[in-house]
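**Student:** See start02.tsv below, with TSV, C-alpha atoms.
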```
chain	number	residue	atom	x	y	z
U	1	MET	CA	45.15	-21.00	40.87
U	2	SER	CA	43.40	-21.12	44.15
U	3	THR	CA	40.24	-23.13	44.77
U	4	LEU	CA	38.29	-19.94	45.44
U	5	THR	CA	39.26	-18.45	42.06
U	6	LEU	CA	38.16	-21.63	40.24
U	7	LEU	CA	34.86	-21.67	42.12
U	8	VAL	CA	34.16	-18.00	41.22
U	9	MET	CA	35.01	-18.71	37.57
U	10	LYS	CA	32.68	-21.74	37.50
U	11	ILE	CA	29.80	-19.76	39.02
U	12	GLY	CA	30.42	-16.87	36.59
U	13	PHE	CA	30.39	-19.28	33.66
U	14	LEU	CA	27.09	-20.82	34.82
U	15	VAL	CA	25.49	-17.38	35.24
U	16	LEU	CA	26.61	-16.43	31.73
U	17	LEU	CA	25.30	-19.72	30.35
U	18	TRP	CA	21.87	-19.20	31.97
U	19	PHE	CA	21.79	-15.62	30.65
U	20	PHE	CA	22.14	-16.95	27.09
U	21	VAL	CA	19.48	-19.61	27.66
U	22	PHE	CA	17.00	-16.98	28.89
U	23	ALA	CA	17.88	-14.68	25.98
U	24	ILE	CA	17.14	-17.47	23.48
U	25	VAL	CA	13.83	-18.38	25.16
U	26	TYR	CA	12.82	-14.69	25.24
U	27	SER	CA	13.65	-14.28	21.55
U	28	LEU	CA	11.72	-17.41	20.57
U	29	ARG	CA	8.71	-16.37	22.64
U	30	THR	CA	8.64	-12.94	21.04
U	31	GLU	CA	8.90	-14.38	17.53
U	32	LEU	CA	6.23	-17.03	18.12
U	33	PHE	CA	3.69	-15.01	20.04
U	34	GLY	CA	4.45	-11.52	18.78
U	35	LEU	CA	5.39	-8.25	20.42
U	36	LYS	CA	2.22	-8.18	22.57
U	37	ALA	CA	3.35	-11.23	24.56
U	38	ARG	CA	6.61	-9.46	25.32
U	39	LYS	CA	4.74	-6.46	26.69
U	40	GLY	CA	2.67	-8.67	28.99
U	41	GLN	CA	-0.53	-8.16	27.03
U	42	GLN	CA	-2.67	-10.95	25.72
U	43	ALA	CA	-1.08	-12.30	22.52
U	44	THR	CA	-4.41	-12.88	20.77
U	45	ALA	CA	-5.82	-9.40	21.38
U	46	ALA	CA	-6.62	-7.42	18.28
U	47	ALA	CA	-4.19	-4.76	17.17
U	48	PRO	CA	-5.16	-1.25	18.20
U	49	ALA	CA	-7.41	0.40	15.69
U	50	PRO	CA	-5.66	2.93	13.48
U	51	ALA	CA	-6.50	6.57	14.10
U	52	PRO	CA	-9.19	8.08	11.88
U	53	ALA	CA	-7.94	8.86	8.40
U	54	ALA	CA	-8.74	12.56	8.75
U	55	LYS	CA	-6.42	12.96	11.75
U	56	ARG	CA	-3.45	11.01	10.39
U	57	LYS	CA	-1.05	12.43	7.89
U	58	PRO	CA	2.58	11.34	7.70
U	59	SER	CA	5.04	14.18	7.98
U	60	THR	CA	8.19	12.34	6.89
U	61	ALA	CA	6.81	9.81	4.42
U	62	PRO	CA	7.51	10.60	0.76
U	63	GLN	CA	4.52	11.43	-1.39
U	64	PRO	CA	4.00	9.97	-4.87
U	65	PRO	CA	5.09	12.25	-7.73
U	66	GLU	CA	2.56	14.66	-9.18
U	67	GLY	CA	0.49	13.13	-11.96
U	68	SER	CA	1.28	9.51	-10.95
U	69	ALA	CA	-1.53	7.07	-10.31
U	70	THR	CA	-2.44	6.97	-6.64
U	71	SER	CA	-3.17	3.74	-4.88
U	72	ALA	CA	-6.62	4.93	-3.74
U	73	THR	CA	-7.98	3.63	-7.02
U	74	ALA	CA	-6.52	0.19	-6.26
U	75	SER	CA	-9.16	-2.49	-5.83
U	76	THR	CA	-6.98	-5.59	-5.66
U	77	LEU	CA	-3.79	-6.79	-4.02
U	78	VAL	CA	-2.05	-9.23	-6.38
U	79	ILE	CA	0.68	-11.55	-5.11
U	80	VAL	CA	3.30	-11.65	-7.86
U	81	ALA	CA	6.03	-13.81	-6.23
U	82	GLY	CA	6.19	-16.34	-3.42
U	83	THR	CA	4.28	-19.44	-2.40
U	84	ARG	CA	0.92	-17.76	-3.02
U	85	ALA	CA	1.85	-16.21	-6.40
U	86	GLY	CA	-1.12	-15.37	-8.61
U	87	GLU	CA	-3.55	-14.97	-5.72
U	88	ARG	CA	-5.75	-11.87	-5.74
U	89	ILE	CA	-7.15	-10.26	-2.59
U	90	PRO	CA	-9.91	-7.66	-2.97
U	91	LEU	CA	-9.26	-4.41	-1.12
U	92	GLY	CA	-11.92	-2.70	0.93
U	93	ARG	CA	-11.48	0.14	3.39
U	94	GLU	CA	-10.19	-2.01	6.27
U	95	PRO	CA	-6.46	-2.34	7.05
U	96	ILE	CA	-4.73	-5.49	5.85
U	97	THR	CA	-2.32	-7.08	8.31
U	98	ILE	CA	0.48	-9.20	6.90
U	99	GLY	CA	2.42	-11.85	8.80
U	100	ARG	CA	2.73	-15.47	9.91
U	101	SER	CA	0.10	-15.11	12.63
U	102	SER	CA	-3.21	-16.84	11.96
U	103	ASP	CA	-5.04	-13.62	12.89
U	104	SER	CA	-3.39	-11.73	9.98
U	105	THR	CA	-5.49	-10.81	6.96
U	106	LEU	CA	-2.73	-12.04	4.64
U	107	VAL	CA	-1.05	-15.06	6.25
U	108	LEU	CA	2.40	-15.78	4.83
U	109	LYS	CA	4.00	-19.02	5.99
U	110	ASP	CA	7.69	-18.50	5.29
U	111	ASP	CA	10.79	-18.27	7.45
U	112	TYR	CA	11.52	-14.64	6.50
U	113	THR	CA	8.16	-13.21	7.58
U	114	SER	CA	7.62	-12.10	11.18
U	115	THR	CA	4.50	-12.98	13.17
U	116	HIS	CA	3.15	-9.44	12.75
U	117	HIS	CA	5.24	-8.14	9.85
U	118	ALA	CA	3.48	-5.23	8.14
U	119	ARG	CA	0.17	-3.40	7.78
U	120	LEU	CA	-1.43	-1.96	4.65
U	121	VAL	CA	-3.75	0.93	5.55
U	122	LEU	CA	-6.01	3.22	3.51
U	123	TRP	CA	-4.76	6.64	4.60
U	124	ASN	CA	-6.37	9.83	3.29
U	125	ASP	CA	-6.38	9.26	-0.47
U	126	GLY	CA	-4.01	6.29	-0.84
U	127	TRP	CA	-2.74	3.01	0.54
U	128	MET	CA	0.22	3.15	2.93
U	129	ILE	CA	2.49	0.29	3.96
U	130	GLN	CA	3.82	0.26	7.53
U	131	ASP	CA	6.52	-2.11	8.80
U	132	LEU	CA	5.64	-3.43	12.27
U	133	ASP	CA	9.25	-3.69	13.53
U	134	SER	CA	9.78	-6.90	11.59
U	135	THR	CA	13.09	-8.74	11.75
U	136	ASN	CA	13.79	-8.85	8.00
U	137	GLY	CA	12.08	-5.60	6.99
U	138	THR	CA	9.51	-4.55	4.43
U	139	PHE	CA	10.68	-3.34	1.02
U	140	LEU	CA	8.91	-0.99	-1.40
U	141	ASN	CA	10.39	-1.07	-4.89
U	142	GLY	CA	13.57	-2.64	-3.49
U	143	LYS	CA	14.10	-0.07	-0.72
U	144	ARG	CA	13.58	-0.88	2.96
U	145	ILE	CA	10.93	1.29	4.61
U	146	SER	CA	11.07	2.54	8.18
U	147	SER	CA	7.95	4.71	8.36
U	148	PRO	CA	4.48	4.55	6.79
U	149	THR	CA	5.05	4.96	3.07
U	150	PRO	CA	2.59	5.46	0.15
U	151	VAL	CA	2.25	2.50	-2.20
U	152	PRO	CA	1.70	3.55	-5.84
U	153	LEU	CA	-0.12	1.22	-8.25
U	154	GLY	CA	2.04	-1.49	-9.79
U	155	VAL	CA	5.03	-0.96	-7.47
U	156	PRO	CA	6.25	-4.21	-5.85
U	157	VAL	CA	6.15	-4.56	-2.06
U	158	LYS	CA	8.28	-7.37	-0.62
U	159	VAL	CA	7.49	-9.00	2.73
U	160	GLY	CA	9.70	-11.99	3.49
U	161	ALA	CA	9.84	-14.15	0.36
U	162	THR	CA	6.54	-12.78	-1.00
U	163	SER	CA	6.06	-9.82	-3.33
U	164	PHE	CA	2.74	-8.15	-4.09
U	165	GLU	CA	1.40	-5.12	-5.98
U	166	LEU	CA	-1.70	-2.96	-5.78
U	167	ARG	CA	-3.74	-2.95	-9.01
U	168	HIS	CA	-7.08	-1.72	-10.37
```
Could you render the structure from this file as structure tokens?
**Tutor:**
Amino acid sequence: MSTLTLLVMKIGFLVLLWFFVFAIVYSLRTELFGLKARKGQQATAAAPAPAPAAKRKPSTAPQPPEGSATSATASTLVIVAGTRAGERIPLGREPITIGRSSDSTLVLKDDYTSTHHARLVLWNDGWMIQDLDSTNGTFLNGKRISSPTPVPLGVPVKVGATSFELRH
């Protein structure tokens, strides 16, 4: 092989190596500081306020079966599995953010929870769970959700290694 070919191969290898280094740094930065840092916004800024309940109605989210208990009557979030098992969090009308970030309402310190993992929102007449593009997903009754989904009373929601339910 000629000297020029070896030089081009060495430079190509170094460029590829630096590409992987930048990809790893970018991924770590996004995971540590959240999606807002990736978009160039301030990482500690509050999440945008949800739209008024009267204007929001999911079109593709499944509705609870007729006659089943709705989650609007829920007054408590009970953690049933995970490091904080047995803990009860009273529900008000404000959204509950779930994640590893210290600015989350429910802070979960485990390796399977994203910085800003999910949001629990009172929507019309019931509580809805919304995955915030988390790495490992949010599961309702064992099924991964991809859009805002109603949370019936007593149905387990799994975020990372933690499971919780809405109760009276």
**Student:** Using Å and a single decimal, report how far atom CA of Arg119 of chain U sits from atom CA of Gly99 of chain U.
**Tutor:**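 Value for the atom CA of Gly99 of chain U-atom CA of Arg119 of chain U distance: 8.8 Å.
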**Student:** Mind pulling up the distance from atom CA of Leu28 of chain U to atom CA of Gly82 of chain U?
**Tutor:**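 Taking atom CA of Gly82 of chain U and atom CA of Leu28 of chain U, their separation equals 24.6 Å.
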**Student:** Between atom CA of Pro156 of chain U and atom CA of Thr30 of chain U, what is the distance, to one decimal in Å?
**Tutor:**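 A separation of 28.4 Å between them.
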**Student:** Just want the 8 Å neighbourhood of Gly137 of chain U, counted on all atoms listed in the file, with same-chain residues fewer than 5 positions away dropped. Output as a PyMOL selection string.
**Tutor:** chain U and resi 117+131+144-145+159-160
**Student:** Please provide as a list in words all residues within 7 Å of Lys158 of chain U, with the sequence filter that same-chain residues fewer than 3 positions apart are discarded (counting all atoms listed in the file).
**Tutor:**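 That gives Thr138, Phe139, Leu140, Thr162, Ser163 and Phe164 of chain U.
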**Student:** From the list U:Ile129, U:Ala118, U:Leu32, U:Ile11, which residue is nearest Val155 of chain U when using all atoms listed in the file?
**Tutor:**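 Looking only at the distances to Val155 of chain U, the closest residue turns out to be U:Ile129.
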**Student:** Rank nothing, just name the residue among U:Ala85, U:Leu132, U:Leu106, U:Ala74 nearest to Val151 of chain U, using all atoms listed in the file.
**Tutor:** U:Ala74
**Student:** Could you check the closest approach to Ile98 of chain U for each of U:Ser134, U:Asp111, U:Ser75, U:Val80 and tell me which residue wins, using all atoms listed in the file?
**Tutor:**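 For Ile98 of chain U, the nearest of the candidates is U:Ser134.
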